[in-house]
file coords-v4.cif (mmCIF, C-alpha atoms)
data_model
#
loop_
_atom_site.group_PDB
_atom_site.id
_atom_site.type_symbol
_atom_site.label_atom_id
_atom_site.label_comp_id
_atom_site.auth_asym_id
_atom_site.auth_seq_id
_atom_site.Cartn_x
_atom_site.Cartn_y
_atom_site.Cartn_z
ATOM 1 C CA MET A 5 -25.157 -42.609 -3.440
ATOM 2 C CA ARG A 6 -22.939 -42.579 -0.390
ATOM 3 C CA PRO A 7 -22.817 -39.199 1.385
ATOM 4 C CA VAL A 8 -19.030 -39.125 0.987
ATOM 5 C CA PHE A 9 -19.480 -38.544 -2.765
ATOM 6 C CA PHE A 10 -20.969 -35.167 -2.027
ATOM 7 C CA ILE A 11 -17.830 -33.869 -0.312
ATOM 8 C CA PRO A 12 -16.190 -32.607 -3.555
ATOM 9 C CA LEU A 13 -19.419 -30.864 -4.572
ATOM 10 C CA ALA A 14 -19.745 -29.289 -1.129
ATOM 11 C CA LEU A 15 -16.122 -28.127 -1.304
ATOM 12 C CA PHE A 16 -16.690 -26.685 -4.767
ATOM 13 C CA LEU A 17 -19.805 -24.831 -3.635
ATOM 14 C CA PHE A 18 -17.938 -23.505 -0.586
ATOM 15 C CA PHE A 19 -15.115 -22.078 -2.706
ATOM 16 C CA ALA A 20 -17.506 -20.712 -5.345
ATOM 17 C CA GLY A 21 -19.471 -19.025 -2.562
ATOM 18 C CA LEU A 22 -16.309 -17.639 -0.988
ATOM 19 C CA ALA A 23 -15.100 -16.283 -4.358
ATOM 20 C CA GLY A 24 -18.491 -14.685 -5.005
ATOM 21 C CA TYR A 25 -18.543 -13.136 -1.551
ATOM 22 C CA MET A 26 -15.042 -11.702 -1.880
ATOM 23 C CA LEU A 27 -15.849 -10.323 -5.360
ATOM 24 C CA ALA A 28 -19.089 -8.723 -4.189
ATOM 25 C CA ASN A 29 -17.420 -7.077 -1.195
ATOM 26 C CA GLY A 30 -14.648 -5.352 -3.133
ATOM 27 C CA ARG A 31 -12.546 -3.916 -0.351
ATOM 28 C CA PHE A 32 -10.039 -1.138 -0.242
ATOM 29 C CA GLU A 33 -6.669 -2.702 0.249
ATOM 30 C CA ALA A 34 -4.432 -0.381 2.197
ATOM 31 C CA VAL A 35 -0.777 -1.343 2.070
ATOM 32 C CA PRO A 36 0.597 -0.863 5.576
ATOM 33 C CA SER A 37 4.173 0.268 5.989
ATOM 34 C CA HIS A 38 6.596 -2.163 7.567
ATOM 35 C CA MET A 39 8.731 0.753 8.724
ATOM 36 C CA VAL A 40 6.557 1.406 11.783
ATOM 37 C CA ASN A 41 8.680 0.998 14.939
ATOM 38 C CA LYS A 42 11.838 1.407 12.905
ATOM 39 C CA PRO A 43 14.052 4.498 12.716
ATOM 40 C CA LEU A 44 13.178 7.161 10.182
ATOM 41 C CA PRO A 45 15.780 6.782 7.408
ATOM 42 C CA GLU A 46 18.417 9.444 6.821
ATOM 43 C CA PHE A 47 17.209 11.991 4.242
ATOM 44 C CA THR A 48 17.514 15.615 3.167
ATOM 45 C CA LEU A 49 14.876 17.266 0.987
ATOM 46 C CA PRO A 50 15.025 20.780 -0.507
ATOM 47 C CA PRO A 51 12.262 23.343 0.212
ATOM 48 C CA ALA A 52 9.018 22.684 -1.687
ATOM 49 C CA VAL A 53 7.857 26.318 -1.635
ATOM 50 C CA ASP A 54 9.329 29.796 -1.190
ATOM 51 C CA GLY A 55 9.286 30.987 2.403
ATOM 52 C CA LEU A 56 9.313 27.585 4.125
ATOM 53 C CA PRO A 57 12.484 25.593 4.762
ATOM 54 C CA GLY A 58 13.078 22.079 3.421
ATOM 55 C CA THR A 59 13.573 19.245 5.852
ATOM 56 C CA SER A 60 15.859 16.428 6.893
ATOM 57 C CA ARG A 61 15.895 13.659 9.485
ATOM 58 C CA ALA A 62 17.573 15.980 12.013
ATOM 59 C CA ASP A 63 14.391 18.119 12.198
ATOM 60 C CA PHE A 64 12.569 15.260 13.923
ATOM 61 C CA ILE A 65 15.137 14.708 16.668
ATOM 62 C CA GLY A 66 14.492 16.228 20.087
ATOM 63 C CA GLY A 67 11.563 18.193 21.453
ATOM 64 C CA LYS A 68 8.098 16.652 21.201
ATOM 65 C CA PRO A 69 6.953 13.882 18.845
ATOM 66 C CA LYS A 70 6.022 15.292 15.447
ATOM 67 C CA LEU A 71 3.833 14.425 12.500
ATOM 68 C CA LEU A 72 5.269 13.723 9.082
ATOM 69 C CA ASN A 73 2.526 14.367 6.529
ATOM 70 C CA VAL A 74 3.027 12.942 3.046
ATOM 71 C CA TRP A 75 0.809 14.952 0.716
ATOM 72 C CA ALA A 76 0.580 16.766 -2.624
ATOM 73 C CA SER A 77 -1.226 19.803 -3.981
ATOM 74 C CA TRP A 78 -2.720 17.610 -6.741
ATOM 75 C CA CYS A 79 -4.217 15.223 -4.191
ATOM 76 C CA LEU A 80 -7.911 15.805 -3.473
ATOM 77 C CA PRO A 81 -8.215 13.935 -0.154
ATOM 78 C CA CYS A 82 -5.418 16.271 0.994
ATOM 79 C CA ILE A 83 -7.892 19.160 0.692
ATOM 80 C CA ALA A 84 -10.346 17.208 2.846
ATOM 81 C CA GLU A 85 -7.775 16.707 5.608
ATOM 82 C CA ALA A 86 -6.529 20.329 5.651
ATOM 83 C CA PRO A 87 -8.925 21.465 8.457
ATOM 84 C CA GLN A 88 -7.869 18.489 10.607
ATOM 85 C CA LEU A 89 -4.165 19.323 10.161
ATOM 86 C CA GLU A 90 -5.030 22.889 11.153
ATOM 87 C CA ALA A 91 -6.770 21.576 14.291
ATOM 88 C CA LEU A 92 -3.712 19.469 15.180
ATOM 89 C CA LYS A 93 -1.474 22.496 14.682
ATOM 90 C CA GLU A 94 -3.697 24.500 17.047
ATOM 91 C CA GLU A 95 -3.207 21.748 19.634
ATOM 92 C CA GLY A 96 0.498 22.527 19.444
ATOM 93 C CA VAL A 97 1.558 19.650 17.183
ATOM 94 C CA GLU A 98 4.459 20.327 14.843
ATOM 95 C CA ILE A 99 3.653 19.032 11.359
ATOM 96 C CA ILE A 100 6.388 18.629 8.773
ATOM 97 C CA GLY A 101 5.157 18.144 5.210
ATOM 98 C CA ILE A 102 6.612 16.087 2.391
ATOM 99 C CA ALA A 103 5.261 17.259 -0.969
ATOM 100 C CA ILE A 104 5.238 14.448 -3.532
ATOM 101 C CA ARG A 105 6.004 15.351 -7.184
ATOM 102 C CA ASP A 106 4.879 18.916 -6.721
ATOM 103 C CA LYS A 107 5.709 22.354 -8.186
ATOM 104 C CA PRO A 108 6.540 25.280 -5.846
ATOM 105 C CA GLU A 109 3.768 27.450 -7.343
ATOM 106 C CA ASP A 110 1.173 24.687 -6.899
ATOM 107 C CA VAL A 111 2.279 24.122 -3.299
ATOM 108 C CA GLY A 112 1.998 27.890 -2.684
ATOM 109 C CA ASP A 113 -1.501 27.985 -4.218
ATOM 110 C CA PHE A 114 -2.632 25.087 -2.055
ATOM 111 C CA LEU A 115 -1.344 26.724 1.152
ATOM 112 C CA ASN A 116 -2.991 30.037 0.252
ATOM 113 C CA ARG A 117 -6.283 28.353 -0.394
ATOM 114 C CA TYR A 118 -6.478 25.748 2.376
ATOM 115 C CA GLY A 119 -4.113 27.146 5.018
ATOM 116 C CA ASN A 120 -0.622 26.184 6.078
ATOM 117 C CA PRO A 121 -0.294 23.778 9.009
ATOM 118 C CA TYR A 122 3.381 23.036 8.251
ATOM 119 C CA THR A 123 6.601 24.360 9.799
ATOM 120 C CA ARG A 124 8.642 22.849 6.971
ATOM 121 C CA ILE A 125 7.903 21.200 3.639
ATOM 122 C CA GLY A 126 10.426 19.065 1.814
ATOM 123 C CA ALA A 127 10.084 18.462 -1.927
ATOM 124 C CA ASP A 128 10.151 14.760 -2.832
ATOM 125 C CA ASP A 129 10.084 14.920 -6.627
ATOM 126 C CA ILE A 130 10.792 11.239 -7.244
ATOM 127 C CA SER A 131 8.956 9.695 -4.254
ATOM 128 C CA GLN A 132 12.288 8.775 -2.724
ATOM 129 C CA LEU A 133 11.396 9.350 0.941
ATOM 130 C CA GLN A 134 7.878 8.071 0.285
ATOM 131 C CA ILE A 135 9.247 4.696 -0.802
ATOM 132 C CA GLU A 136 11.944 4.799 1.892
ATOM 133 C CA ILE A 137 9.307 4.937 4.664
ATOM 134 C CA GLY A 138 6.908 2.512 2.994
ATOM 135 C CA ALA A 139 4.142 4.996 2.176
ATOM 136 C CA ALA A 140 2.039 3.736 -0.725
ATOM 137 C CA GLY A 141 0.101 6.893 -1.549
ATOM 138 C CA VAL A 142 -1.031 10.361 -0.541
ATOM 139 C CA PRO A 143 -2.051 11.454 1.982
ATOM 140 C CA GLU A 144 -0.350 9.428 4.675
ATOM 141 C CA THR A 145 0.700 10.671 8.097
ATOM 142 C CA PHE A 146 3.432 9.233 10.298
ATOM 143 C CA VAL A 147 4.015 9.855 14.004
ATOM 144 C CA ILE A 148 7.753 10.294 14.626
ATOM 145 C CA ASP A 149 9.004 10.258 18.219
ATOM 146 C CA ALA A 150 11.730 12.573 19.536
ATOM 147 C CA LYS A 151 14.401 9.916 18.932
ATOM 148 C CA GLY A 152 13.525 9.815 15.239
ATOM 149 C CA ASN A 153 11.636 6.503 15.276
ATOM 150 C CA ILE A 154 8.499 5.948 13.196
ATOM 151 C CA ARG A 155 5.807 5.015 15.722
ATOM 152 C CA HIS A 156 2.513 5.086 13.831
ATOM 153 C CA GLN A 157 1.165 5.286 10.285
ATOM 154 C CA HIS A 158 -2.178 6.795 9.344
ATOM 155 C CA ILE A 159 -3.254 5.831 5.809
ATOM 156 C CA GLY A 160 -5.563 8.165 3.915
ATOM 157 C CA ASP A 161 -6.958 11.553 4.881
ATOM 158 C CA ILE A 162 -7.264 12.440 8.564
ATOM 159 C CA ARG A 163 -10.954 12.663 9.484
ATOM 160 C CA ALA A 164 -12.268 14.725 12.382
ATOM 161 C CA SER A 165 -12.624 11.537 14.445
ATOM 162 C CA ASP A 166 -8.924 10.733 13.877
ATOM 163 C CA VAL A 167 -7.687 13.960 15.490
ATOM 164 C CA PRO A 168 -8.142 12.829 19.137
ATOM 165 C CA LYS A 169 -6.637 9.433 18.257
ATOM 166 C CA LEU A 170 -3.542 11.041 16.775
ATOM 167 C CA LEU A 171 -3.217 13.414 19.754
ATOM 168 C CA GLN A 172 -3.385 10.385 22.068
ATOM 169 C CA ILE A 173 -0.696 8.553 20.086
ATOM 170 C CA LEU A 174 1.529 11.664 20.099
ATOM 171 C CA GLU A 175 1.061 11.749 23.880
ATOM 172 C CA ASP A 176 1.758 8.024 24.292
ATOM 173 C CA VAL A 177 5.034 7.979 22.395
ATOM 174 C CA GLN A 178 6.438 10.930 24.318
ATOM 175 C CA MET B 165 -25.065 22.324 -0.303
ATOM 176 C CA ILE B 166 -23.749 22.932 -3.820
ATOM 177 C CA ARG B 167 -20.223 23.065 -2.434
ATOM 178 C CA THR B 168 -20.741 19.710 -0.737
ATOM 179 C CA VAL B 169 -22.060 18.171 -3.959
ATOM 180 C CA LEU B 170 -19.154 19.611 -5.935
ATOM 181 C CA LEU B 171 -16.647 18.318 -3.392
ATOM 182 C CA MET B 172 -18.243 14.876 -3.550
ATOM 183 C CA LEU B 173 -18.072 14.913 -7.348
ATOM 184 C CA ALA B 174 -14.465 16.004 -7.111
ATOM 185 C CA ILE B 175 -13.686 13.099 -4.814
ATOM 186 C CA ILE B 176 -15.361 10.657 -7.212
ATOM 187 C CA ALA B 177 -13.311 12.155 -10.039
ATOM 188 C CA ALA B 178 -10.120 11.917 -7.982
ATOM 189 C CA PRO B 179 -8.562 9.063 -9.966
ATOM 190 C CA LEU B 180 -8.868 11.147 -13.130
ATOM 191 C CA SER B 181 -7.424 14.354 -11.781
ATOM 192 C CA ALA B 182 -4.889 12.806 -9.417
ATOM 193 C CA GLN B 183 -2.177 13.321 -11.968
ATOM 194 C CA ASP B 184 0.741 15.508 -11.189
ATOM 195 C CA THR B 185 2.441 17.643 -13.791
ATOM 196 C CA MET B 186 6.028 16.928 -12.788
ATOM 197 C CA PRO B 187 8.373 15.302 -15.287
ATOM 198 C CA PRO B 188 8.991 11.616 -14.478
ATOM 199 C CA ALA B 189 12.065 10.493 -12.536
ATOM 200 C CA PRO B 190 15.169 10.131 -14.754
ATOM 201 C CA TYR B 191 15.089 6.316 -14.913
ATOM 202 C CA ALA B 192 11.291 5.913 -14.945
ATOM 203 C CA TYR B 193 11.104 5.610 -18.730
ATOM 204 C CA THR B 194 14.787 5.509 -19.654
ATOM 205 C CA GLN B 195 16.515 2.170 -19.963
ATOM 206 C CA LEU B 196 19.972 1.583 -18.566
ATOM 207 C CA GLU B 197 22.708 1.865 -21.179
ATOM 208 C CA ASP B 198 24.184 -1.522 -20.419
ATOM 209 C CA PRO B 199 21.761 -4.121 -21.924
ATOM 210 C CA ALA B 200 22.821 -6.754 -19.386
ATOM 211 C CA LEU B 201 22.004 -4.471 -16.461
ATOM 212 C CA GLU B 202 18.731 -3.384 -18.075
ATOM 213 C CA ALA B 203 17.762 -7.045 -18.523
ATOM 214 C CA LYS B 204 18.484 -7.632 -14.841
ATOM 215 C CA ALA B 205 16.370 -4.604 -13.890
ATOM 216 C CA THR B 206 13.498 -5.597 -16.208
ATOM 217 C CA GLU B 207 13.395 -9.115 -14.825
ATOM 218 C CA LEU B 208 13.127 -7.755 -11.302
ATOM 219 C CA MET B 209 10.631 -5.018 -12.207
ATOM 220 C CA SER B 210 8.254 -7.524 -13.790
ATOM 221 C CA THR B 211 7.949 -9.285 -10.404
ATOM 222 C CA LEU B 212 7.390 -6.168 -8.284
ATOM 223 C CA ARG B 213 3.846 -5.027 -7.654
ATOM 224 C CA CYS B 214 2.686 -1.523 -8.410
ATOM 225 C CA LEU B 215 1.256 -0.167 -5.144
ATOM 226 C CA LYS B 216 -1.190 2.221 -6.797
ATOM 227 C CA CYS B 217 -2.620 -0.124 -9.397
ATOM 228 C CA GLN B 218 -2.298 -3.328 -7.378
ATOM 229 C CA SER B 219 -2.747 -5.866 -10.162
ATOM 230 C CA GLN B 220 0.092 -4.727 -12.379
ATOM 231 C CA ALA B 221 3.827 -5.060 -12.125
ATOM 232 C CA ILE B 222 5.710 -1.759 -11.914
ATOM 233 C CA ASN B 223 7.050 -2.699 -15.329
ATOM 234 C CA ASP B 224 3.569 -2.529 -16.880
ATOM 235 C CA SER B 225 2.242 0.560 -15.150
ATOM 236 C CA ASP B 226 2.149 4.209 -16.098
ATOM 237 C CA ALA B 227 1.255 5.305 -12.564
ATOM 238 C CA PRO B 228 3.753 7.987 -11.497
ATOM 239 C CA MET B 229 4.648 6.006 -8.406
ATOM 240 C CA ALA B 230 5.462 2.923 -10.493
ATOM 241 C CA GLY B 231 7.783 5.164 -12.510
ATOM 242 C CA ASP B 232 9.473 6.324 -9.323
ATOM 243 C CA MET B 233 9.872 2.708 -8.215
ATOM 244 C CA ARG B 234 11.429 1.814 -11.591
ATOM 245 C CA HIS B 235 13.828 4.712 -11.059
ATOM 246 C CA GLN B 236 14.814 3.274 -7.672
ATOM 247 C CA VAL B 237 15.305 -0.212 -9.110
ATOM 248 C CA ARG B 238 17.393 0.968 -12.080
ATOM 249 C CA THR B 239 19.501 3.310 -9.929
ATOM 250 C CA LYS B 240 20.251 0.518 -7.481
ATOM 251 C CA ILE B 241 21.040 -1.988 -10.260
ATOM 252 C CA LEU B 242 23.371 0.598 -11.792
ATOM 253 C CA ALA B 243 25.054 0.987 -8.390
ATOM 254 C CA GLY B 244 25.808 -2.729 -8.498
ATOM 255 C CA GLU B 245 23.143 -4.035 -6.126
ATOM 256 C CA GLU B 246 21.820 -7.554 -6.634
ATOM 257 C CA PRO B 247 18.141 -7.868 -7.730
ATOM 258 C CA GLU B 248 17.238 -10.011 -4.716
ATOM 259 C CA ALA B 249 18.756 -7.406 -2.371
ATOM 260 C CA ILE B 250 16.576 -4.724 -3.984
ATOM 261 C CA ARG B 251 13.521 -6.949 -3.642
ATOM 262 C CA ALA B 252 14.374 -7.446 0.040
ATOM 263 C CA TRP B 253 14.778 -3.675 0.446
ATOM 264 C CA LEU B 254 11.241 -3.142 -0.881
ATOM 265 C CA VAL B 255 9.769 -6.049 1.115
ATOM 266 C CA ASP B 256 11.283 -4.433 4.247
ATOM 267 C CA ARG B 257 9.151 -1.385 3.487
ATOM 268 C CA TYR B 258 5.912 -2.757 2.054
ATOM 269 C CA GLY B 259 5.916 -6.405 3.134
ATOM 270 C CA ASP B 260 5.415 -9.422 0.851
ATOM 271 C CA TYR B 261 2.639 -7.428 -0.816
ATOM 272 C CA VAL B 262 5.133 -5.666 -3.085
ATOM 273 C CA SER B 263 6.624 -8.887 -4.461
ATOM 274 C CA TYR B 264 4.998 -11.225 -6.968
ATOM 275 C CA GLN B 265 7.593 -13.885 -6.278
ATOM 276 C CA PRO B 266 5.959 -16.624 -4.212
ATOM 277 C CA GLU B 267 7.688 -17.180 -0.869
ATOM 278 C CA VAL B 268 7.102 -19.946 1.651
ATOM 279 C CA SER B 269 6.291 -18.172 4.905
ATOM 280 C CA SER B 270 4.227 -18.722 8.038
ATOM 281 C CA THR B 271 1.115 -17.526 6.185
ATOM 282 C CA THR B 272 1.700 -19.060 2.745
ATOM 283 C CA TRP B 273 2.905 -22.576 3.617
ATOM 284 C CA PRO B 274 -0.585 -24.137 3.250
ATOM 285 C CA LEU B 275 -0.567 -23.063 -0.409
ATOM 286 C CA PHE B 276 2.439 -25.274 -0.943
ATOM 287 C CA ALA B 277 1.555 -28.033 1.527
ATOM 288 C CA VAL B 278 -2.099 -28.633 0.525
ATOM 289 C CA PRO B 279 -1.431 -29.648 -3.122
ATOM 290 C CA ALA B 280 1.343 -31.995 -2.020
ATOM 291 C CA LEU B 281 -0.983 -33.468 0.601
ATOM 292 C CA LEU B 282 -3.808 -33.896 -1.948
ATOM 293 C CA ILE B 283 -1.491 -35.699 -4.372
ATOM 294 C CA LEU B 284 -0.403 -37.986 -1.544
ATOM 295 C CA VAL B 285 -4.009 -38.748 -0.586
ATOM 296 C CA ALA B 286 -4.942 -39.362 -4.233
ATOM 297 C CA LEU B 287 -2.003 -41.743 -4.613
ATOM 298 C CA LEU B 288 -2.962 -43.651 -1.477
ATOM 299 C CA ILE B 289 -6.586 -44.027 -2.646
ATOM 300 C CA LEU B 290 -5.415 -45.117 -6.081
ATOM 301 C CA LEU B 291 -2.990 -47.663 -4.665
ATOM 302 C CA ARG B 292 -5.677 -49.093 -2.416
ATOM 303 C CA ARG B 293 -8.154 -49.433 -5.258
ATOM 304 C CA VAL B 294 -5.672 -50.893 -7.692
ATOM 305 C CA GLY B 295 -4.469 -53.237 -4.969
ATOM 306 C CA LYS B 296 -8.030 -54.357 -4.254
ATOM 307 C CA ARG B 297 -8.748 -55.006 -7.912
ATOM 308 C CA ARG B 298 -5.524 -56.963 -8.287
ATOM 309 C CA MET B 299 -6.511 -59.162 -5.361
ATOM 310 C CA GLU B 300 -9.985 -59.657 -6.763
ATOM 311 C CA GLY B 301 -8.445 -60.477 -10.125
ATOM 312 C CA ASP B 302 -6.176 -63.060 -8.531
ATOM 313 C CA GLU B 303 -9.063 -64.907 -7.013
#
call {"tool": "encode", "arguments": {"input": "coords-v4.cif", "output": "structure tokens"}}
result
Amino acid sequence: MRPVFFIPLALFLFFAGLAGYMLANGRFEAVPSHMVNKPLPEFTLPPAVDGLPGTSRADFIGGKPKLLNVWASWCLPCIAEAPQLEALKEEGVEIIGIAIRDKPEDVGDFLNRYGNPYTRIGADDISQLQIEIGAAGVPETFVIDAKGNIRHQHIGDIRASDVPKLLQILEDVQ
Amino acid sequence: MIRTVLLMLAIIAAPLSAQDTMPPAPYAYTQLEDPALEAKATELMSTLRCLKCQSQAINDSDAPMAGDMRHQVRTKILAGEEPEAIRAWLVDRYGDYVSYQPEVSSTTWPLFAVPALLILVALLILLRRVGKRRMEGDE
């Protein structure tokens, strides 16, 4: 047999191996937003809970860069990131929340239990702003500069090690 | 310790409990009144990928976010937008990932080029062999 006859077999084995490898290493596919480095779209959302105002695009304009935190009271990783949001707030970062498909009483319960790092929370009952800014799930956190541009997206809960990174990014986009 | 274990269990159980109790968006499960418009919307929705379930179209998924995406699609269709414009609007936000419609782009062109190339190579080999045999036959 000429060696050239083994090329198809080798190719087949290569692809079978590749398929097996990819199947075995099931990876988490995060869907990055393509809205990073684009302006935050125009929006107005009503308050999500008694005692805190709702929010609109105008709240992000001027002052220092802010965080836009997409979350929900029914979202468990959001509980895990609560202490980190608190830490960011203590560093003087303004965090504006967007509550996805949430009830005012549930939002209130969550804040009572895990603390309130937010200055405002807008209620997004039909994921409108979430889709508008290309967020695929909860929680996701966006860095918005003082001109109202989206500068960074953090997918998933903020871990302790992410806090300095986010502070650096907030500094950099100033 | 127990709290840690419970929290870990809760995180494992997240997909089960990550259900909100809000009613779905108006057009999540309600068809458009005009059958022609609804057909347009359905055709588009069956080629848009659900971001939470990842292997389903938003048309086939009961994930709340898929419902909210259906609401967006139907509302925009009702407002007179063209399906391809709505697809482009979503691709602007989530990239090609959100669309099941194959597009030739800088990353996908080999998918289209390689089969064409293989057919060409196969044809060339075939022609050469047939040609050889013909010549041998002539002798």
call {"tool": "residues_around", "arguments": {"input": "coords-v4.cif", "residues": "stretch 232-240 of chain B", "least_positions_apart": "5", "cutoff": "10 Å", "atoms": "all atoms listed in the file", "output": "ChimeraX atom specification"}}
result
/A:105,129-132,134-135 /B:188-196,201-202,204-206,208-209,212-215,222-223,225,227,245-247,249-251,254
call {"tool": "atom_distance", "arguments": {"input": "coords-v4.cif", "atom1": "atom CA of A:Val142", "atom2": "atom CA of A:Leu171"}}
result
20.6 Å
call {"tool": "resolve_selection", "arguments": {"input": "coords-v4.cif", "expression": "the PyMOL selection byres ((chain A) within 9 of (chain B))", "output": "PyMOL selection string"}}
result
chain A and resi 33+35-39+76-81+84+104-107+129-132+135-141
call {"tool": "residues_around", "arguments": {"input": "coords-v4.cif", "residues": "A:Thr123", "least_positions_apart": "6", "cutoff": "12 Å", "atoms": "all atoms listed in the file", "output": "list in words"}}
result
Pro51, Ala52, Val53, Gly55, Leu56, Pro57, Gly58, Thr59, Asp63, Phe64, Lys70, Leu71, Leu72, Asn73, Leu89, Glu90, Lys93, Gly96, Val97, Glu98, Ile99, Ile100, Gly101, Ile102 and Leu115 of chain A
call {"tool": "resolve_selection", "arguments": {"input": "coords-v4.cif", "expression": "the PyMOL selection byres ((chain A and resi 153-161) around 7)", "output": "list in words"}}
result
Met39, Val40, Asn41, Lys42, Pro43, Leu44, Pro81, Cys82, Ala84, Glu85, Val142, Pro143, Glu144, Thr145, Phe146, Val147, Ile148, Asp149, Lys151, Gly152, Ile162 and Arg163 of chain A
call {"tool": "atom_distance", "arguments": {"input": "coords-v4.cif", "atom1": "atom CA of B:Leu290", "atom2": "atom CA of A:Phe16"}}
result
21.6 Å
call {"tool": "atom_distance", "arguments": {"input": "coords-v4.cif", "atom1": "atom CA of A:Ala86", "atom2": "atom CA of A:Pro121"}}
result
7.9 Å
call {"tool": "closest_residue", "arguments": {"input": "coords-v4.cif", "among": "A:Thr48, A:Leu27, A:Ser165, A:Val74", "to": "A:Tyr122", "atoms": "all atoms listed in the file"}}
result
A:Val74
call {"tool": "resolve_selection", "arguments": {"input": "coords-v4.cif", "expression": "the PyMOL selection byres ((chain A and resi 66) around 6)", "output": "list in words"}}
result
Ile65, Gly67 and Ala150 of chain A
call {"tool": "write_last_selection", "arguments": {"input": "coords-v4.cif", "atoms": "C-alpha atoms", "output": "mmCIF file, in the frame of the given file"}}
result
data_model
loop_
_atom_site.group_PDB
_atom_site.id
_atom_site.type_symbol
_atom_site.label_atom_id
_atom_site.label_comp_id
_atom_site.auth_asym_id
_atom_site.auth_seq_id
_atom_site.Cartn_x
_atom_site.Cartn_y
_atom_site.Cartn_z
ATOM 1 C CA ILE A 65 15.137 14.708 16.668
ATOM 2 C CA GLY A 67 11.563 18.193 21.453
ATOM 3 C CA ALA A 150 11.730 12.573 19.536
#
